[in-house]
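Coordinates from model-v9.txt are shown below (compact mmCIF, C-alpha atoms).
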```txt
# COMPACT_ATOMS: atom_id res chain seq x y z
CA MET A 1 86.11 85.44 93.69
CA THR A 2 86.11 89.09 94.69
CA GLY A 3 84.06 91.76 92.96
CA GLU A 4 87.23 93.09 91.30
CA GLU A 5 88.09 89.62 90.00
CA LYS A 6 84.55 89.21 88.64
CA LEU A 7 84.86 92.56 86.92
CA LEU A 8 88.18 91.53 85.38
CA SER A 9 86.70 88.23 84.20
CA MET A 10 83.95 90.20 82.48
CA VAL A 11 86.63 92.32 80.81
CA ALA A 12 88.23 89.07 79.64
CA THR A 13 85.02 88.37 77.70
CA GLN A 14 85.43 91.77 75.98
CA ASP A 15 82.62 93.37 78.01
CA ARG A 16 83.10 97.07 77.22
CA SER A 17 80.95 98.33 80.09
CA ALA A 18 82.97 96.25 82.57
CA PHE A 19 86.17 97.66 81.08
CA HIS A 20 84.79 101.18 81.44
CA VAL A 21 84.13 100.54 85.15
CA LEU A 22 87.60 99.02 85.60
CA TYR A 23 89.17 101.95 83.76
CA GLU A 24 87.36 104.47 85.97
CA ARG A 25 88.51 102.66 89.12
CA TYR A 26 92.17 102.37 88.22
CA ALA A 27 93.05 105.11 85.71
CA ASN A 28 94.02 107.70 88.33
CA ALA A 29 96.16 105.23 90.28
CA VAL A 30 97.93 104.05 87.13
CA TYR A 31 98.54 107.63 85.97
CA ARG A 32 99.87 108.75 89.37
CA TYR A 33 102.14 105.71 89.60
CA ALA A 34 103.48 106.21 86.07
CA LEU A 35 104.02 109.90 86.81
CA SER A 36 106.00 109.02 89.94
CA ILE A 37 108.33 106.91 87.79
CA LEU A 38 108.53 109.00 84.62
CA ARG A 39 108.05 112.52 86.01
CA SER A 40 106.46 113.55 82.73
CA PRO A 41 102.69 114.05 82.45
CA HIS A 42 102.78 113.31 78.72
CA LEU A 43 104.66 110.01 79.13
CA ALA A 44 102.50 109.05 82.14
CA GLU A 45 99.39 109.49 79.99
CA ASP A 46 100.94 107.26 77.31
CA VAL A 47 101.72 104.61 79.92
CA LEU A 48 98.16 104.83 81.25
CA GLN A 49 96.80 104.10 77.77
CA GLU A 50 99.30 101.30 77.12
CA THR A 51 98.57 99.75 80.52
CA MET A 52 94.82 99.79 80.05
CA MET A 53 95.17 98.29 76.56
CA ALA A 54 97.32 95.53 78.06
CA VAL A 55 94.63 94.95 80.70
CA TRP A 56 91.95 94.78 77.99
CA LYS A 57 93.96 92.27 75.97
CA GLY A 58 95.37 90.29 78.89
CA ALA A 59 92.48 90.14 81.35
CA GLY A 60 92.02 86.44 80.62
CA GLY A 61 95.57 85.81 81.78
CA PHE A 62 94.94 87.05 85.32
CA LYS A 63 95.74 84.10 87.61
CA GLY A 64 94.31 85.51 90.84
CA ARG A 65 97.61 85.21 92.72
CA SER A 66 97.40 88.88 93.70
CA LYS A 67 94.81 91.59 93.99
CA VAL A 68 93.58 93.07 90.72
CA GLN A 69 95.08 96.42 91.73
CA THR A 70 98.48 94.82 92.28
CA TRP A 71 98.29 93.09 88.88
CA ILE A 72 97.36 96.30 87.08
CA LEU A 73 100.06 98.36 88.83
CA GLY A 74 102.57 95.65 87.91
CA ILE A 75 101.62 96.09 84.27
CA ALA A 76 101.93 99.87 84.67
CA ARG A 77 105.38 99.48 86.19
CA ASN A 78 106.53 97.31 83.31
CA GLN A 79 105.11 99.79 80.79
CA ALA A 80 106.76 102.75 82.56
CA HIS A 81 110.15 101.07 82.70
CA ALA A 82 109.84 100.03 79.04
CA THR A 83 109.17 103.68 78.26
CA LEU A 84 112.28 104.71 80.20
CA ARG A 85 114.35 102.17 78.27
CA ARG A 86 112.97 103.43 74.94
CA GLU A 87 113.72 107.01 75.93
CA ALA A 88 117.26 106.07 76.94
CA LYS A 89 117.90 104.44 73.57
CA GLY A 90 117.52 107.59 71.58
CA GLN A 91 114.49 109.65 72.33
CA ARG A 92 114.91 112.30 74.98
CA LEU A 93 112.57 112.59 77.91
CA PRO A 94 110.77 115.92 77.63
CA ALA A 95 112.27 118.54 79.89
CA SER A 96 110.51 118.75 83.21
CA ASP A 97 108.02 121.57 82.88
CA PRO A 98 107.48 123.46 86.16
CA ALA A 99 103.97 124.33 85.00
CA ALA A 100 103.22 120.64 84.45
CA GLU A 101 104.39 119.88 87.98
CA THR A 102 101.63 122.12 89.38
CA VAL A 103 99.04 120.06 87.47
CA ASP A 104 100.37 116.87 89.06
CA PRO A 105 97.30 114.99 90.41
CA THR A 106 99.35 113.81 93.40
CA ALA A 107 99.78 117.43 94.49
CA SER A 108 96.49 117.31 96.36
CA LEU A 109 97.86 114.37 98.37
CA HIS A 110 100.69 116.44 99.75
CA THR A 111 100.04 120.10 99.36
CA ASP A 112 103.08 121.29 101.25
CA LEU A 113 105.56 122.32 98.58
CA ARG A 114 108.52 121.28 100.73
CA VAL A 115 107.14 117.75 101.06
CA GLN A 116 106.50 117.61 97.32
CA GLU A 117 110.05 118.76 96.56
CA ALA A 118 111.49 116.29 99.06
CA LEU A 119 109.55 113.43 97.46
CA HIS A 120 110.77 114.42 94.00
CA ALA A 121 114.35 114.54 95.32
CA LEU A 122 114.24 110.88 96.39
CA PRO A 123 116.01 108.33 94.21
CA SER A 124 113.51 106.71 91.84
CA HIS A 125 113.55 103.33 93.61
CA HIS A 126 112.70 105.00 96.93
CA ARG A 127 110.06 107.27 95.38
CA GLU A 128 108.43 104.27 93.69
CA VAL A 129 108.15 102.32 96.95
CA MET A 130 106.82 105.34 98.83
CA HIS A 131 104.22 105.93 96.14
CA LEU A 132 102.94 102.35 96.20
CA VAL A 133 102.77 102.07 99.99
CA PHE A 134 101.59 105.55 100.97
CA PHE A 135 99.57 106.77 98.01
CA GLU A 136 98.22 103.51 96.57
CA HIS A 137 97.90 101.91 100.03
CA LEU A 138 99.55 98.64 99.03
CA THR A 139 100.93 96.36 101.70
CA VAL A 140 104.65 95.65 101.78
CA LYS A 141 103.90 92.23 100.28
CA GLU A 142 101.83 93.75 97.46
CA ALA A 143 104.47 96.40 96.73
CA ALA A 144 107.11 93.67 96.60
CA SER A 145 104.95 91.79 94.11
CA VAL A 146 104.52 94.85 91.87
CA LEU A 147 108.22 95.69 92.00
CA GLU A 148 109.33 92.06 91.76
CA ILE A 149 111.67 92.42 94.73
CA PRO A 150 111.79 90.77 98.18
CA GLU A 151 109.63 92.21 100.96
CA GLY A 152 112.78 92.99 102.94
CA THR A 153 113.99 95.20 100.11
CA VAL A 154 110.69 97.11 100.19
CA LYS A 155 111.07 97.62 103.94
CA SER A 156 114.69 98.72 103.53
CA ARG A 157 113.81 101.20 100.79
CA MET A 158 110.95 102.57 102.88
CA HIS A 159 113.31 103.00 105.84
CA HIS A 160 115.92 104.84 103.77
CA ALA A 161 113.27 106.96 102.05
CA ARG A 162 111.85 108.01 105.43
CA LEU A 163 115.32 108.93 106.70
CA THR A 164 116.02 110.96 103.58
CA LEU A 165 112.66 112.73 103.78
CA ALA A 166 113.16 113.51 107.48
CA LYS A 167 116.62 114.92 106.75
CA GLU A 168 115.32 117.00 103.81
CA LEU A 169 112.38 118.37 105.76
CA THR A 170 114.36 119.31 108.87
CA SER A 171 117.14 121.12 107.02
```
Written form, structure tokens:
Amino acid sequence: MTGEEKLLSMVATQDRSAFHVLYERYANAVYRYALSILRSPHLAEDVLQETMMAVWKGAGGFKGRSKVQTWILGIARNQAHATLRREAKGQRLPASDPAAETVDPTASLHTDLRVQEALHALPSHHREVMHLVFFEHLTVKEAASVLEIPEGTVKSRMHHARLTLAKELTS
């Protein structure tokens, strides 16, 4: 059992200090990932809170078939897509606020504005794969697990995303 798995098993026993440590380790990654899907800081914050509550309540259900990070990002993905479905059923997504974009915590990862704009221009399924592999440092296999798609699809999306980014950045 890895240190992360031990920490999660402590969370499963409702150990608040273990949860605090887990929250500190994964909150930024969950927020950034949710933001890459939702493109709304407010909704990403909501998804962060929903995800961490799901981790608190469901820690005992972790089977150990993946890394803890992969499991948590999978929960975040499900929460983010549930939020998108709710928004599509009647509530509008808040308009993208240019000022909010400058507060984006991923901005420090790619400070070049052209790169940032090119990433935002990618289709959501390409942007999501790029985020998991490049910014969260997941393997292709782990990203496939989070996204619930075959590894070949992850590779294909990465390939097309790279081509699109190269085209955007050279024009």
Next on the checklist: If I take atom CA of Lys63 of chain A and atom CA of Tyr31 of chain A, how far is one from the other in Å, to one decimal?
Outcome noted: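 One can read the atom CA of Lys63 of chain A to atom CA of Tyr31 of chain A distance as 23.8 Å.
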Checklist entry - Please, what distance in Å, to one decimal, runs between atom CA of Val47 of chain A and atom CA of Gln79 of chain A? => result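 Distance reported for this atom pair: 6.0 Å.
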Checklist entry - What's the 8 Å shell around Ala144 of chain A, counting all atoms listed in the file, without same-chain residues fewer than 6 positions away, as a ChimeraX atom specification? => result /A:150-151,153-154
Item to check | Selection near segment 84-89 of chain A, 12 Å with all atoms listed in the file, sequence-local residues under 2 positions removed, as a list in words | outcome: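 That gives Ala34, Leu35, Ile37, Leu38, Arg39, Ser40, Leu43, Ala44, Asp46, Val47, Arg77, Asn78, Gln79, Ala80, His81, Ala82, Gln91, Arg92, Leu93, Pro94 and Ser124 of chain A.
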Item to check | Nearest-residue call for Thr2 of chain A, choices A:Ala121, A:Val30, A:Val68, A:Met158, using all atoms listed in the file | outcome: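 The shortest atom-to-atom distance to Thr2 of chain A comes from A:Val68.
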Next on the checklist: If I take atom CA of Ala12 of chain A and atom CA of Lys57 of chain A, how far is one from the other in Å, to one decimal?
Outcome noted: 7.5 Å
Item to check | Contacts of segment 131-133 of chain A at 12 Å (only C-alpha atoms; same-chain gap of 3+ positions) as an NGL selection string | outcome: :A and (29-37 or 69-70 or 73-74 or 76-77 or 106 or 109-110 or 116 or 119-120 or 122 or 124-128 or 136-147 or 154-155 or 157-158 or 161)
Checklist entry - Using only C-alpha atoms, which of the listed residues (A:Gly58, A:Ala118, A:Gln14, A:Glu148) sits closest to Leu169 of chain A? => result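 Looking at the shortest contact to Leu169 of chain A, the residue is A:Ala118.
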Checklist entry - Which residues come within 10 Å of Val55 of chain A, counting only C-alpha atoms, excluding same-chain residues fewer than 2 positions away, as a list in words? => result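 The contact residues come out as Leu8, Val11, Ala12, Phe19, Leu22, Tyr23, Gln49, Glu50, Thr51, Met52, Met53, Lys57, Gly58, Ala59, Gly60, Gly61, Phe62, Trp71, Ile72, Ile75 and Ala76 of chain A.
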Item to check | Minimum-distance residue to Met1 of chain A, chosen among A:Thr83, A:Thr164, A:Ser171, A:Ser66 (using all atoms listed in the file) | outcome: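 Counting all atoms listed in the file, the residue closest to Met1 of chain A is A:Ser66.
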Checklist entry - Counting all atoms listed in the file, which of A:Leu7, A:Val129, A:Arg65, A:Leu163 gets nearest to Arg25 of chain A? => result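 Among A:Leu7, A:Val129, A:Arg65, A:Leu163, it is A:Leu7 that comes nearest to Arg25 of chain A.
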Completed segment 43-70 of chain A (N, CA and C atoms) as a PDB file, in the frame of the given file:
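Saved result, result_31.pdb, follows:
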```pdb
ATOM      1  N   LEU A  43     104.275 111.424  79.147  1.00  0.00           N
ATOM      2  CA  LEU A  43     104.660 110.010  79.130  1.00  0.00           C
ATOM      3  C   LEU A  43     103.782 109.188  80.073  1.00  0.00           C
ATOM      4  N   ALA A  44     103.378 109.763  81.204  1.00  0.00           N
ATOM      5  CA  ALA A  44     102.500 109.050  82.140  1.00  0.00           C
ATOM      6  C   ALA A  44     101.150 108.761  81.485  1.00  0.00           C
ATOM      7  N   GLU A  45     100.655 109.707  80.705  1.00  0.00           N
ATOM      8  CA  GLU A  45      99.390 109.490  79.990  1.00  0.00           C
ATOM      9  C   GLU A  45      99.543 108.371  78.968  1.00  0.00           C
ATOM     10  N   ASP A  46     100.676 108.344  78.267  1.00  0.00           N
ATOM     11  CA  ASP A  46     100.940 107.260  77.310  1.00  0.00           C
ATOM     12  C   ASP A  46     100.964 105.905  78.026  1.00  0.00           C
ATOM     13  N   VAL A  47     101.627 105.859  79.164  1.00  0.00           N
ATOM     14  CA  VAL A  47     101.720 104.610  79.920  1.00  0.00           C
ATOM     15  C   VAL A  47     100.338 104.192  80.425  1.00  0.00           C
ATOM     16  N   LEU A  48      99.531 105.146  80.835  1.00  0.00           N
ATOM     17  CA  LEU A  48      98.160 104.830  81.250  1.00  0.00           C
ATOM     18  C   LEU A  48      97.434 104.128  80.104  1.00  0.00           C
ATOM     19  N   GLN A  49      97.507 104.696  78.918  1.00  0.00           N
ATOM     20  CA  GLN A  49      96.800 104.100  77.770  1.00  0.00           C
ATOM     21  C   GLN A  49      97.358 102.726  77.424  1.00  0.00           C
ATOM     22  N   GLU A  50      98.683 102.591  77.427  1.00  0.00           N
ATOM     23  CA  GLU A  50      99.300 101.300  77.120  1.00  0.00           C
ATOM     24  C   GLU A  50      98.928 100.253  78.173  1.00  0.00           C
ATOM     25  N   THR A  51      98.912 100.664  79.429  1.00  0.00           N
ATOM     26  CA  THR A  51      98.570  99.750  80.520  1.00  0.00           C
ATOM     27  C   THR A  51      97.130  99.266  80.376  1.00  0.00           C
ATOM     28  N   MET A  52      96.229 100.192  80.136  1.00  0.00           N
ATOM     29  CA  MET A  52      94.820  99.790  80.050  1.00  0.00           C
ATOM     30  C   MET A  52      94.550  98.931  78.810  1.00  0.00           C
ATOM     31  N   MET A  53      95.295  99.167  77.730  1.00  0.00           N
ATOM     32  CA  MET A  53      95.170  98.290  76.560  1.00  0.00           C
ATOM     33  C   MET A  53      95.688  96.895  76.890  1.00  0.00           C
ATOM     34  N   ALA A  54      96.772  96.823  77.646  1.00  0.00           N
ATOM     35  CA  ALA A  54      97.320  95.530  78.060  1.00  0.00           C
ATOM     36  C   ALA A  54      96.333  94.801  78.979  1.00  0.00           C
ATOM     37  N   VAL A  55      95.642  95.544  79.837  1.00  0.00           N
ATOM     38  CA  VAL A  55      94.630  94.950  80.700  1.00  0.00           C
ATOM     39  C   VAL A  55      93.478  94.412  79.852  1.00  0.00           C
ATOM     40  N   TRP A  56      93.041  95.201  78.880  1.00  0.00           N
ATOM     41  CA  TRP A  56      91.950  94.780  77.990  1.00  0.00           C
ATOM     42  C   TRP A  56      92.311  93.480  77.270  1.00  0.00           C
ATOM     43  N   LYS A  57      93.531  93.440  76.734  1.00  0.00           N
ATOM     44  CA  LYS A  57      93.960  92.270  75.970  1.00  0.00           C
ATOM     45  C   LYS A  57      94.342  91.086  76.857  1.00  0.00           C
ATOM     46  N   GLY A  58      94.834  91.358  78.053  1.00  0.00           N
ATOM     47  CA  GLY A  58      95.370  90.290  78.890  1.00  0.00           C
ATOM     48  C   GLY A  58      94.529  89.901  80.092  1.00  0.00           C
ATOM     49  N   ALA A  59      93.316  90.420  80.179  1.00  0.00           N
ATOM     50  CA  ALA A  59      92.480  90.140  81.350  1.00  0.00           C
ATOM     51  C   ALA A  59      92.277  88.640  81.573  1.00  0.00           C
ATOM     52  N   GLY A  60      92.199  87.883  80.494  1.00  0.00           N
ATOM     53  CA  GLY A  60      92.020  86.440  80.620  1.00  0.00           C
ATOM     54  C   GLY A  60      93.212  85.737  81.213  1.00  0.00           C
ATOM     55  N   GLY A  61      94.363  86.399  81.221  1.00  0.00           N
ATOM     56  CA  GLY A  61      95.570  85.810  81.780  1.00  0.00           C
ATOM     57  C   GLY A  61      95.757  86.053  83.262  1.00  0.00           C
ATOM     58  N   PHE A  62      94.833  86.777  83.887  1.00  0.00           N
ATOM     59  CA  PHE A  62      94.940  87.050  85.320  1.00  0.00           C
ATOM     60  C   PHE A  62      94.761  85.734  86.076  1.00  0.00           C
ATOM     61  N   LYS A  63      95.746  85.385  86.901  1.00  0.00           N
ATOM     62  CA  LYS A  63      95.740  84.100  87.610  1.00  0.00           C
ATOM     63  C   LYS A  63      95.129  84.178  89.008  1.00  0.00           C
ATOM     64  N   GLY A  64      94.900  85.366  89.508  1.00  0.00           N
ATOM     65  CA  GLY A  64      94.310  85.510  90.840  1.00  0.00           C
ATOM     66  C   GLY A  64      95.307  85.319  91.971  1.00  0.00           C
ATOM     67  N   ARG A  65      96.598  85.369  91.685  1.00  0.00           N
ATOM     68  CA  ARG A  65      97.610  85.210  92.720  1.00  0.00           C
ATOM     69  C   ARG A  65      97.858  86.494  93.502  1.00  0.00           C
ATOM     70  N   SER A  66      97.269  87.579  93.044  1.00  0.00           N
ATOM     71  CA  SER A  66      97.400  88.880  93.700  1.00  0.00           C
ATOM     72  C   SER A  66      96.077  89.601  93.555  1.00  0.00           C
ATOM     73  N   LYS A  67      95.993  90.767  94.188  1.00  0.00           N
ATOM     74  CA  LYS A  67      94.810  91.590  93.990  1.00  0.00           C
ATOM     75  C   LYS A  67      94.838  92.157  92.578  1.00  0.00           C
ATOM     76  N   VAL A  68      93.672  92.487  92.057  1.00  0.00           N
ATOM     77  CA  VAL A  68      93.580  93.070  90.720  1.00  0.00           C
ATOM     78  C   VAL A  68      94.402  94.351  90.663  1.00  0.00           C
ATOM     79  N   GLN A  69      94.322  95.172  91.689  1.00  0.00           N
ATOM     80  CA  GLN A  69      95.080  96.420  91.730  1.00  0.00           C
ATOM     81  C   GLN A  69      96.581  96.148  91.610  1.00  0.00           C
ATOM     82  N   THR A  70      97.070  95.157  92.320  1.00  0.00           N
ATOM     83  CA  THR A  70      98.480  94.820  92.280  1.00  0.00           C
ATOM     84  C   THR A  70      98.888  94.376  90.872  1.00  0.00           C
TER      85      THR A  70
END
```
